[in-house]
Amino acid sequence: MADAPIFATLGCRLNSYETEAMKDLAKSAGVENAVVINTCAVTAEAVRKARQEIRKLRRNHPGAKLIVTGCAAQTEPETFAKMDEVDLVIGNTEKMQHATWAGLGPDFIGDSERVQVDDIMSVTQTAGHLIDGFGTRSRAYVQVQNGCDHRCTFCIIPYGRGNSRSVAAGVVVDQIKRLVDSGYNEVVLTGVDLTSWGADLPSAPRFGDLVMRILKLVPDLPRLRISSIDSIEADDALMQAIATEPRLMPHLHLSLQAGDNMILKRMKRRHNREDAIAFTQEARRLRPGITFGADIIAGFPTETDEMFANSLKLVTDCDLTWLHVFPYSARQGTPAARMPAVNGTVIKTRAAALRAAGDTQVAKHLAAQISQTHSILMENPRMGRTEQFTEVRFETDQSEGQIITATIKGATKTQLIA
């Protein structure tokens, strides 16, 4: 009996989503004895890890055909085509097309071009690969947007994902209805640049319009969660939803990247530190108790000690809780890679300082939850998450996938205890 394909995923939640879609495409096409690695290109380190994973997968599966796809395959296909371990490189558009996988079949290598990567910038439609029920038994993820129209100087992702394309609101609503009918109690909206949703659709609706429409047309959905947003693009309808819709979870992950205005300008971000602070203050006024995560880059080129101090201070100025800290890594092909670099040791020290500030913020948040009662979605029998996405550990088994009400009685360094 032939072996089913093996899939490995690196990088973001969207990649995980697309891996699930590729599994279905490969299965329907009858692809056998293959290993597929879905790569990330966000940093040079991510590409290095992809090469490392490819070599490992080849050692573990010497007889399989090895296929490389994802953002790194899209942005630098030649890097992977040169690797002896690799049989086929396919782009981000091609990986979502039935025809690509149908052309592979059980005996595909030798009949296909070794590199199948087209110009991602020519893609104008979102691939019709929405799937039902990606995620755990408790939570499903729905991709509503792909690509990005912005050109931040540190970022290669637009060249891996193409320009922004939106999924029509009606398609999104219909899928979420199916997910709720299947028993999901929480849906997370995902995309590359979520707040740009709608700009390419007729009448150019805004992302907040989509959120309000979902909550109105799917009244049985208990919890709607938003993944990462660009706060400068938050529209009036989104702010209204934050203020008035209890089913919209009070947790937002913000793409902030830095807290110094000169660095933000050199990054070609569209906000300054005052914008970020004003947004978090307004959202907290509209929804007391809301928590914020954020992406922050340590050691961006030209960053001085004073500039870094502004980023560090942003953690408390915005009262951020969940930090994703990225030590700057030059990405070939981006404008930032040509800017004067910060010493590597300094970058590591600054990243550690940001993480320590994040740990302090988490401890403060956890302490404030003790004796509070929360609505908790169970991810497994002993762990769930509050509305603010805080982990809660239970000492007795609970029903996985269900929402339960519990009072917090204690905390560890990273979790609440109920």
# chains A, B, ... in the order shown; residues from 1 in each chain; ligands from 1
call {"tool": "residues_around", "arguments": {"residues": "Arg266 (chain A)", "least_positions_apart": "6", "cutoff": "10 Å", "atoms": "only C-alpha atoms", "output": "short mmCIF file (atom, residue, chain, number, x, y, z; two decimals) with N, CA and C atoms, in the first residue's frame"}}
result
data_model
loop_
_atom_site.label_atom_id
_atom_site.label_comp_id
_atom_site.auth_asym_id
_atom_site.auth_seq_id
_atom_site.Cartn_x
_atom_site.Cartn_y
_atom_site.Cartn_z
N CYS A 152 6.47 47.67 3.56
CA CYS A 152 7.35 47.98 4.68
C CYS A 152 8.78 47.58 4.31
N THR A 153 9.75 48.38 4.72
CA THR A 153 11.11 48.19 4.22
C THR A 153 11.78 46.92 4.71
N PHE A 154 11.26 46.31 5.78
CA PHE A 154 11.87 45.10 6.32
C PHE A 154 11.21 43.82 5.81
N PHE A 300 16.25 47.23 14.67
CA PHE A 300 16.10 47.61 13.27
C PHE A 300 17.28 48.50 12.87
N PRO A 301 17.75 48.42 11.62
CA PRO A 301 18.89 49.24 11.19
C PRO A 301 18.74 50.71 11.59
N THR A 302 19.83 51.29 12.04
CA THR A 302 19.96 52.69 12.50
C THR A 302 19.37 52.92 13.89
N GLU A 303 18.82 51.92 14.54
CA GLU A 303 18.20 52.11 15.85
C GLU A 303 19.25 52.43 16.91
N PRO A 335 14.57 46.88 1.25
CA PRO A 335 15.34 48.12 1.45
C PRO A 335 16.09 48.16 2.77
N ALA A 336 15.50 47.60 3.84
CA ALA A 336 16.14 47.66 5.15
C ALA A 336 17.48 46.93 5.16
N MET A 339 20.36 49.21 4.77
CA MET A 339 20.56 50.27 5.76
C MET A 339 21.66 49.88 6.75
#
call {"tool": "residues_around", "arguments": {"residues": "Leu57 (chain A)", "least_positions_apart": "6", "cutoff": "12 Å", "atoms": "only C-alpha atoms", "output": "PyMOL selection string"}}
result
chain A and resi 6-9+34-37+50-51+63-68+85-86
call {"tool": "write_last_selection", "arguments": {"atoms": "C-alpha atoms", "output": "mmCIF file, in the first residue's frame"}}
result
data_model
loop_
_atom_site.group_PDB
_atom_site.id
_atom_site.type_symbol
_atom_site.label_atom_id
_atom_site.label_comp_id
_atom_site.auth_asym_id
_atom_site.auth_seq_id
_atom_site.Cartn_x
_atom_site.Cartn_y
_atom_site.Cartn_z
ATOM 1 C CA ILE A 6 3.673 13.832 4.750
ATOM 2 C CA PHE A 7 3.323 17.581 5.360
ATOM 3 C CA ALA A 8 5.571 19.905 7.371
ATOM 4 C CA THR A 9 4.615 23.536 8.076
ATOM 5 C CA ALA A 34 5.698 12.485 -1.113
ATOM 6 C CA VAL A 35 6.929 14.912 1.534
ATOM 7 C CA VAL A 36 5.665 18.499 1.282
ATOM 8 C CA ILE A 37 7.237 21.358 3.244
ATOM 9 C CA ALA A 50 13.500 25.749 5.878
ATOM 10 C CA ARG A 51 16.747 24.451 4.358
ATOM 11 C CA GLY A 63 12.622 7.269 -0.910
ATOM 12 C CA ALA A 64 9.939 9.982 -1.029
ATOM 13 C CA LYS A 65 9.592 12.784 -3.544
ATOM 14 C CA LEU A 66 10.251 16.065 -1.746
ATOM 15 C CA ILE A 67 8.160 19.124 -2.662
ATOM 16 C CA VAL A 68 8.945 22.636 -1.394
ATOM 17 C CA GLU A 85 17.298 16.951 -1.619
ATOM 18 C CA VAL A 86 14.491 18.766 -3.494
#
call {"tool": "select_by_dssp", "arguments": {"residues": "region 168-284 of chain A", "states": "strand (DSSP E or B)", "output": "list in words"}}
result
Glu186, Val187, Val188, Leu189, Thr190, Arg223, Leu224, Arg225, Ile226, Ser228, Ile229, Leu248, His251, Leu252, His253, Leu254, Ser255, Leu256 and Gln257 of chain A
call {"tool": "write_last_selection", "arguments": {"atoms": "C-alpha atoms", "output": "PDB file, in the first residue's frame"}}
result
ATOM      1  CA  GLU A 186     -15.103  30.060  18.322  1.00  0.00           C
ATOM      2  CA  VAL A 187     -14.028  31.275  14.885  1.00  0.00           C
ATOM      3  CA  VAL A 188     -10.845  33.245  14.226  1.00  0.00           C
ATOM      4  CA  LEU A 189     -10.589  35.521  11.176  1.00  0.00           C
ATOM      5  CA  THR A 190      -7.140  35.309   9.574  1.00  0.00           C
ATOM      6  CA  ARG A 223     -17.226  33.765  19.990  1.00  0.00           C
ATOM      7  CA  LEU A 224     -15.578  35.630  17.120  1.00  0.00           C
ATOM      8  CA  ARG A 225     -11.879  36.404  17.383  1.00  0.00           C
ATOM      9  CA  ILE A 226      -9.652  38.584  15.211  1.00  0.00           C
ATOM     10  CA  SER A 228      -3.448  40.394  13.809  1.00  0.00           C
ATOM     11  CA  ILE A 229      -4.553  43.867  12.670  1.00  0.00           C
ATOM     12  CA  LEU A 248     -16.256  39.753  19.640  1.00  0.00           C
ATOM     13  CA  HIS A 251      -8.149  40.655  22.532  1.00  0.00           C
ATOM     14  CA  LEU A 252      -6.339  42.252  19.587  1.00  0.00           C
ATOM     15  CA  HIS A 253      -2.870  41.506  18.255  1.00  0.00           C
ATOM     16  CA  LEU A 254      -1.363  44.696  16.823  1.00  0.00           C
ATOM     17  CA  SER A 255       1.262  45.030  14.109  1.00  0.00           C
ATOM     18  CA  LEU A 256       3.223  47.823  15.813  1.00  0.00           C
ATOM     19  CA  GLN A 257       6.863  46.830  15.008  1.00  0.00           C
TER      20      GLN A 257
END
call {"tool": "atom_distance", "arguments": {"atom1": "CA of Met212 (chain A)", "atom2": "CA of Cys148 (chain A)"}}
result
22.8 Å
call {"tool": "closest_residue", "arguments": {"among": "A:Val346, A:Gly289, A:Arg269, A:Val115", "to": "Gln369 (chain A)", "atoms": "only C-alpha atoms"}}
result
A:Gly289
call {"tool": "closest_residue", "arguments": {"among": "A:Pro222, A:Pro246, A:Gly410, A:Gly162", "to": "Ser371 (chain A)", "atoms": "only C-alpha atoms"}}
result
A:Gly410
call {"tool": "atom_distance", "arguments": {"atom1": "CA of Val172 (chain A)", "atom2": "CA of Phe207 (chain A)"}}
result
12.2 Å
call {"tool": "residues_around", "arguments": {"residues": "Gly170 (chain A)", "least_positions_apart": "4", "cutoff": "12 Å", "atoms": "only C-alpha atoms", "output": "list of chain:residue names"}}
result
A:Val144, A:Ser166, A:Asp174, A:Gln175, A:Ile176, A:Lys177, A:Leu201, A:Asp209, A:Leu210, A:Val211, A:Arg213, A:Ile214, A:Leu217, A:Val218
call {"tool": "closest_residue", "arguments": {"among": "A:Thr244, A:Asn185, A:Asn163, A:Thr280", "to": "Ile404 (chain A)", "atoms": "only C-alpha atoms"}}
result
A:Asn185
call {"tool": "closest_residue", "arguments": {"among": "A:Leu238, A:Val31, A:Ala46, A:Cys155", "to": "Gly11 (chain A)", "atoms": "only C-alpha atoms"}}
result
A:Ala46
call {"tool": "residues_around", "arguments": {"residues": "Asn380 (chain A)", "least_positions_apart": "6", "cutoff": "10 Å", "atoms": "only C-alpha atoms", "output": "ChimeraX atom specification"}}
result
/A:136-138,393-394,397-402
call {"tool": "select_by_dssp", "arguments": {"residues": "region 178-364 of chain A", "states": "helix (DSSP H, G or I)", "output": "ChimeraX atom specification"}}
result
/A:178-181,194-196,207-217,231-233,236-244,261-267,273-286,305-317,335-338,344-364
call {"tool": "atom_distance", "arguments": {"atom1": "CA of Trp197 (chain A)", "atom2": "CA of Ala21 (chain A)"}}
result
21.2 Å
